[in-house]
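So the structure is just underneath, and the comments pick up after that.
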Amino acid sequence: MSFKKIHPELKEALERLKITEPTPFQSKVLSKIKGGASIFGLAPKGSGKTTALVISTLQKLKCAEFEDAPRALIFVKDKQAALELKQEFDKFTFRMSIRTYCAYEEQNIDDQRDDIYDGVDIVIATPKRLNKIFYSNGINLNVLQLFIVDDAEFLIKPHLFSEIIRTPESINRCQYLVFGTKFDDRMQRMQDSFMASAQIVKL
């Protein structure tokens, strides 16, 4: 997918950020994601994985808010990773109505449930906190379109990996995107568990 074949508001954001051409990794992965494929996106740091994640998410959600329940769920390592990723989204969504929200352990969980209930489009969360919110009926995943893991290397800790694998059990149909540097045992387990038809896109 070239940057010409995207939502007008997203194209405007790219122009404002002076992003004129996709990186080699983005050239390989964006069209497959736009086509609806579940993907393991593997590339070294600095290859444009985070920007590919942001572009793909905003394109899928048509750069606009819609009803109340989240349509994209992104798992990250910790509070810092959540805030950094939200900052990347904010660069693009400056003039869009889309709503992005972070959920991590250092916040009050009741406040998080209330904030999510009020209406968000994208939730960026740590696995532990997301599952606590979900199992306390604090988040509705019935209209979820994208399930994403960013920098999947953090799943080396077994308890974090277990939290990630539990969530798809409650999702009816969804597109799965997992970004990392290499295909390892954790990704193989995800493929065996809920990403059987996923494509591997490697730089």
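Ligands are numbered from 1 in the order shown, chains are lettered A, B, ... in the order of the structure tokens, and residues start at 1 in each chain.
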(request) Fewer than 3 positions away in the same chain doesn't count, so skip those; otherwise give me all residues within 12 Å of A:Tyr135, counting only C-alpha atoms, as a list in words. (result)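 My reading of the contact set: Ile109, Arg113, Lys128, Arg129, Leu130, Asn131, Lys132, Gly138, Ile139, Asn140, Leu141, Glu163, Arg166, Thr167 and Ser170 of chain A.
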(message) Residues within 9 Å of A:Lys91, please, as a list in words. Count only C-alpha atoms; anything in the same chain fewer than 4 positions from it doesn't count.
(response)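 Here the qualifying residues turn out to be Ala13, Leu17, Lys86 and Gln87 of chain A.
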For the residues selected in the previous step, produce a file with C-alpha atoms as a short mmCIF file (atom, residue, chain, number, x, y, z; two decimals), in the first residue's frame.
data_model
loop_
_atom_site.label_atom_id
_atom_site.label_comp_id
_atom_site.auth_asym_id
_atom_site.auth_seq_id
_atom_site.Cartn_x
_atom_site.Cartn_y
_atom_site.Cartn_z
CA ALA A 13 -1.42 13.77 8.80
CA LEU A 17 4.54 15.02 9.69
CA LYS A 86 -0.18 7.13 22.66
CA GLN A 87 2.14 10.04 21.93
#
(message) Show me, as number ranges by chain, the residues that have an atom within 12 Å of A:Met190 when counting only C-alpha atoms, minus same-chain residues fewer than 5 positions from it.
(response) A: 38-40, 148-149, 152, 155, 161-168, 176-178, 183-185, 195-198
Create the file for the chosen residues now, containing N, CA, C and O atoms and written as a tab-separated table (two decimals), in the first residue's frame.
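Listing of out.tsv after writing:
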chain	number	residue	atom	x	y	z
A	38	SER	N	-4.28	-11.31	9.15
A	38	SER	CA	-3.59	-11.30	10.43
A	38	SER	C	-2.10	-11.47	10.14
A	38	SER	O	-1.72	-12.24	9.25
A	39	ILE	N	-1.26	-10.76	10.90
A	39	ILE	CA	0.15	-10.64	10.53
A	39	ILE	C	1.07	-10.80	11.74
A	39	ILE	O	0.79	-10.26	12.81
A	40	PHE	N	2.18	-11.50	11.53
A	40	PHE	CA	3.35	-11.38	12.38
A	40	PHE	C	4.31	-10.48	11.63
A	40	PHE	O	4.86	-10.88	10.59
A	148	ILE	N	-3.73	-6.13	18.79
A	148	ILE	CA	-2.34	-5.87	18.39
A	148	ILE	C	-1.42	-6.07	19.59
A	148	ILE	O	-1.74	-5.67	20.71
A	149	VAL	N	-0.26	-6.66	19.33
A	149	VAL	CA	0.81	-6.71	20.33
A	149	VAL	C	1.99	-5.95	19.76
A	149	VAL	O	2.48	-6.27	18.67
A	152	ALA	N	6.64	-7.46	20.78
A	152	ALA	CA	6.24	-8.69	21.48
A	152	ALA	C	7.35	-9.32	22.31
A	152	ALA	O	7.07	-10.25	23.09
A	155	LEU	N	6.98	-10.29	26.06
A	155	LEU	CA	6.19	-11.45	26.51
A	155	LEU	C	7.06	-12.60	26.98
A	155	LEU	O	6.57	-13.70	27.21
A	161	PHE	N	2.56	-13.45	29.04
A	161	PHE	CA	2.12	-14.22	27.88
A	161	PHE	C	0.77	-14.88	28.16
A	161	PHE	O	-0.12	-14.90	27.29
A	162	SER	N	0.59	-15.40	29.36
A	162	SER	CA	-0.69	-16.03	29.72
A	162	SER	C	-1.83	-15.03	29.68
A	162	SER	O	-2.94	-15.36	29.23
A	163	GLU	N	-1.57	-13.79	30.10
A	163	GLU	CA	-2.61	-12.76	30.06
A	163	GLU	C	-3.01	-12.45	28.62
A	163	GLU	O	-4.19	-12.26	28.30
A	164	ILE	N	-2.01	-12.41	27.73
A	164	ILE	CA	-2.28	-12.12	26.31
A	164	ILE	C	-3.14	-13.22	25.70
A	164	ILE	O	-4.10	-12.96	24.98
A	165	ILE	N	-2.80	-14.48	25.96
A	165	ILE	CA	-3.50	-15.58	25.32
A	165	ILE	C	-4.95	-15.73	25.80
A	165	ILE	O	-5.78	-16.28	25.08
A	166	ARG	N	-5.22	-15.27	26.98
A	166	ARG	CA	-6.59	-15.40	27.53
A	166	ARG	C	-7.59	-14.51	26.79
A	166	ARG	O	-8.74	-14.89	26.61
A	167	THR	N	-7.17	-13.35	26.37
A	167	THR	CA	-8.10	-12.37	25.82
A	167	THR	C	-8.82	-12.85	24.55
A	167	THR	O	-10.05	-12.68	24.44
A	168	PRO	N	-8.12	-13.46	23.57
A	168	PRO	CA	-8.84	-13.89	22.36
A	168	PRO	C	-9.96	-14.88	22.60
A	168	PRO	O	-10.85	-15.03	21.75
A	176	TYR	N	-5.63	-9.92	13.85
A	176	TYR	CA	-4.55	-9.95	14.82
A	176	TYR	C	-3.24	-9.48	14.19
A	176	TYR	O	-2.87	-9.95	13.10
A	177	LEU	N	-2.55	-8.57	14.88
A	177	LEU	CA	-1.27	-8.06	14.42
A	177	LEU	C	-0.27	-8.16	15.56
A	177	LEU	O	-0.52	-7.62	16.64
A	178	VAL	N	0.83	-8.83	15.33
A	178	VAL	CA	1.87	-8.97	16.34
A	178	VAL	C	3.18	-8.48	15.73
A	178	VAL	O	3.62	-8.99	14.70
A	183	PHE	N	10.57	-14.34	14.81
A	183	PHE	CA	9.53	-15.32	15.11
A	183	PHE	C	10.11	-16.32	16.10
A	183	PHE	O	11.03	-17.07	15.80
A	184	ASP	N	9.56	-16.33	17.31
A	184	ASP	CA	10.11	-17.18	18.36
A	184	ASP	C	9.04	-18.13	18.92
A	184	ASP	O	7.94	-18.23	18.36
A	185	ASP	N	9.35	-18.79	20.01
A	185	ASP	CA	8.43	-19.78	20.58
A	185	ASP	C	7.10	-19.15	21.00
A	185	ASP	O	6.04	-19.77	20.87
A	195	MET	N	-3.92	-17.62	15.97
A	195	MET	CA	-3.48	-16.95	14.75
A	195	MET	C	-3.06	-17.98	13.69
A	195	MET	O	-2.06	-17.81	12.99
A	196	ALA	N	-3.85	-19.03	13.56
A	196	ALA	CA	-3.48	-20.12	12.67
A	196	ALA	C	-3.30	-19.68	11.22
A	196	ALA	O	-2.47	-20.23	10.49
A	197	SER	N	-4.10	-18.69	10.78
A	197	SER	CA	-4.04	-18.28	9.39
A	197	SER	C	-3.16	-17.04	9.17
A	197	SER	O	-3.15	-16.47	8.09
A	198	ALA	N	-2.43	-16.63	10.20
A	198	ALA	CA	-1.62	-15.41	10.10
A	198	ALA	C	-0.46	-15.57	9.13
A	198	ALA	O	0.14	-16.64	9.01
(message) Using only C-alpha atoms, which protein or nucleic acid residues come within 8 Å of A:Gly180? Drop anything in the same chain fewer than 6 positions from it, and give the result as a list of chain:residue names.
(response)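 The neighbour list is A:Phe40, A:Gly41, A:Leu42, A:Ala43, A:Pro44, A:Asp150, A:Asp151, A:Ala152, A:Glu153.
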Please produce a file of the residues just selected, as a tab-separated table (two decimals), in the first residue's frame, where the atoms kept are all heavy atoms.
chain	number	residue	atom	x	y	z
A	40	PHE	N	2.18	-11.50	11.53
A	40	PHE	CA	3.35	-11.38	12.38
A	40	PHE	C	4.31	-10.48	11.63
A	40	PHE	O	4.86	-10.88	10.59
A	40	PHE	CB	4.01	-12.74	12.64
A	40	PHE	CG	3.21	-13.65	13.53
A	40	PHE	CD1	2.47	-14.69	12.99
A	40	PHE	CD2	3.21	-13.48	14.92
A	40	PHE	CE1	1.74	-15.55	13.81
A	40	PHE	CE2	2.47	-14.33	15.74
A	40	PHE	CZ	1.73	-15.36	15.19
A	41	GLY	N	4.50	-9.24	12.09
A	41	GLY	CA	5.37	-8.30	11.42
A	41	GLY	C	6.73	-8.26	12.09
A	41	GLY	O	6.85	-7.80	13.22
A	42	LEU	N	7.75	-8.75	11.39
A	42	LEU	CA	9.06	-8.94	11.99
A	42	LEU	C	10.10	-8.08	11.28
A	42	LEU	O	10.30	-8.18	10.07
A	42	LEU	CB	9.47	-10.41	11.90
A	42	LEU	CG	8.41	-11.43	12.36
A	42	LEU	CD1	8.88	-12.84	12.10
A	42	LEU	CD2	8.09	-11.22	13.84
A	43	ALA	N	10.76	-7.23	12.04
A	43	ALA	CA	11.77	-6.34	11.47
A	43	ALA	C	12.63	-5.77	12.59
A	43	ALA	O	12.19	-5.69	13.74
A	43	ALA	CB	11.11	-5.20	10.69
A	44	PRO	N	13.86	-5.36	12.28
A	44	PRO	CA	14.72	-4.77	13.30
A	44	PRO	C	14.17	-3.46	13.82
A	44	PRO	O	13.33	-2.82	13.17
A	44	PRO	CB	16.06	-4.56	12.56
A	44	PRO	CG	15.97	-5.38	11.32
A	44	PRO	CD	14.53	-5.47	10.97
A	150	ASP	N	2.44	-4.93	20.47
A	150	ASP	CA	3.56	-4.11	20.03
A	150	ASP	C	4.84	-4.55	20.75
A	150	ASP	O	4.83	-4.74	21.96
A	150	ASP	CB	3.27	-2.63	20.32
A	150	ASP	CG	4.31	-1.71	19.72
A	150	ASP	OD1	4.87	-2.06	18.66
A	150	ASP	OD2	4.55	-0.64	20.29
A	151	ASP	N	5.92	-4.70	19.98
A	151	ASP	CA	7.20	-5.13	20.56
A	151	ASP	C	7.01	-6.37	21.42
A	151	ASP	O	7.22	-6.36	22.64
A	151	ASP	CB	7.83	-4.00	21.39
A	151	ASP	CG	8.34	-2.86	20.51
A	151	ASP	OD1	8.68	-3.12	19.34
A	151	ASP	OD2	8.40	-1.72	20.99
A	152	ALA	N	6.64	-7.46	20.78
A	152	ALA	CA	6.24	-8.69	21.48
A	152	ALA	C	7.35	-9.32	22.31
A	152	ALA	O	7.07	-10.25	23.09
A	152	ALA	CB	5.71	-9.70	20.47
A	153	GLU	N	8.57	-8.84	22.21
A	153	GLU	CA	9.66	-9.40	23.00
A	153	GLU	C	9.39	-9.33	24.50
A	153	GLU	O	9.91	-10.13	25.28
A	153	GLU	CB	10.98	-8.67	22.69
A	153	GLU	CG	11.62	-9.09	21.37
A	153	GLU	CD	10.87	-8.57	20.16
A	153	GLU	OE1	10.17	-7.55	20.27
A	153	GLU	OE2	10.98	-9.19	19.09
(message) Measuring between only C-alpha atoms, which one of A:Glu15, A:Cys102, A:Gln175, A:Gln145 shows the shortest distance to A:Val76?
(response) A:Cys102
(request) Check the smallest atom-to-atom distance from each of A:Arg99, A:Arg186, A:Lys45, A:Lys11 to A:Phe66 using only C-alpha atoms, then report the winner. (result)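 Going through A:Arg99, A:Arg186, A:Lys45, A:Lys11 one by one, the smallest distance to A:Phe66 is for A:Arg99.
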(request) Compare A:Ala69, A:Ile156, A:Leu203, A:Leu146 by their minimum atom-to-atom distance to A:Lys34, counting only C-alpha atoms, and give me the closest one. (result) A:Leu146
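Computed from the coordinates, the atom CA of A:Asp110 to atom CA of A:Leu53 distance equals 28.7 Å.
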(message) Give me the residues near A:Ala64 as JSON, numbers by chain, where near means some atom within 8 Å (using only C-alpha atoms) and where sequence neighbours in that chain fewer than 3 positions away do not count.
(response) {"A": [61, 96, 97, 98]}
Keeping only C-alpha atoms, write the selected residues as an mmCIF file, in the first residue's frame.
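The file below, part.cif, is the result:
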data_model
loop_
_atom_site.group_PDB
_atom_site.id
_atom_site.type_symbol
_atom_site.label_atom_id
_atom_site.label_comp_id
_atom_site.auth_asym_id
_atom_site.auth_seq_id
_atom_site.Cartn_x
_atom_site.Cartn_y
_atom_site.Cartn_z
ATOM 1 C CA LEU A 61 -10.921 2.711 12.011
ATOM 2 C CA MET A 96 -9.172 13.617 14.003
ATOM 3 C CA SER A 97 -12.061 12.753 16.306
ATOM 4 C CA ILE A 98 -10.665 9.317 17.170
#
(message) Which residue is closest to A:Gln112? Choose from A:Arg173, A:Leu85, A:Asn137, A:Gly36 and count only C-alpha atoms.
(response)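 Distance minimum relative to A:Gln112 lands on A:Asn137.
For the set A:Thr50, A:Thr181, A:Gln107, A:Thr57, the residue with the smallest atom-to-atom gap to A:Ala125 is A:Gln107, counting only C-alpha atoms.
Closest approach to A:Ile200 among A:Ile19, A:Val29, A:Ile133, A:Ile55 is made by A:Val29 (distances from only C-alpha atoms).
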(request) Could you please write out, as a PyMOL selection string, every residue of chain A that DSSP assigns to strand (DSSP E)? (result) chain A and resi 39-42+72-75+100-103+122-125+146-149+175-180+199-202
(message) If I take atom CA of A:Ala103 and atom CA of A:Leu144, how far is one from the other in Å, to one decimal?
(response)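 Going from atom CA of A:Ala103 over to atom CA of A:Leu144 covers 16.5 Å.
Relative to atom CA of A:Phe25, atom CA of A:Gly48 is found at 6.8 Å.
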Using only C-alpha atoms, which protein or nucleic acid residues come within 6 Å of A:Leu73? Drop anything in the same chain fewer than 2 positions from it, and give the result as a short mmCIF file (atom, residue, chain, number, x, y, z; two decimals) with N, CA, C and O atoms, in the first residue's frame.
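Saved file around24.cif follows:
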data_model
loop_
_atom_site.label_atom_id
_atom_site.label_comp_id
_atom_site.auth_asym_id
_atom_site.auth_seq_id
_atom_site.Cartn_x
_atom_site.Cartn_y
_atom_site.Cartn_z
N ILE A 122 -9.54 3.37 20.68
CA ILE A 122 -8.29 2.61 20.77
C ILE A 122 -7.88 2.53 22.23
O ILE A 122 -7.77 3.56 22.90
N VAL A 123 -7.65 1.32 22.72
CA VAL A 123 -7.15 1.13 24.08
C VAL A 123 -5.74 0.57 23.99
O VAL A 123 -5.51 -0.47 23.37
N PHE A 147 -6.66 -6.58 17.23
CA PHE A 147 -5.97 -7.04 18.43
C PHE A 147 -4.49 -6.99 18.09
O PHE A 147 -4.03 -7.71 17.20
#
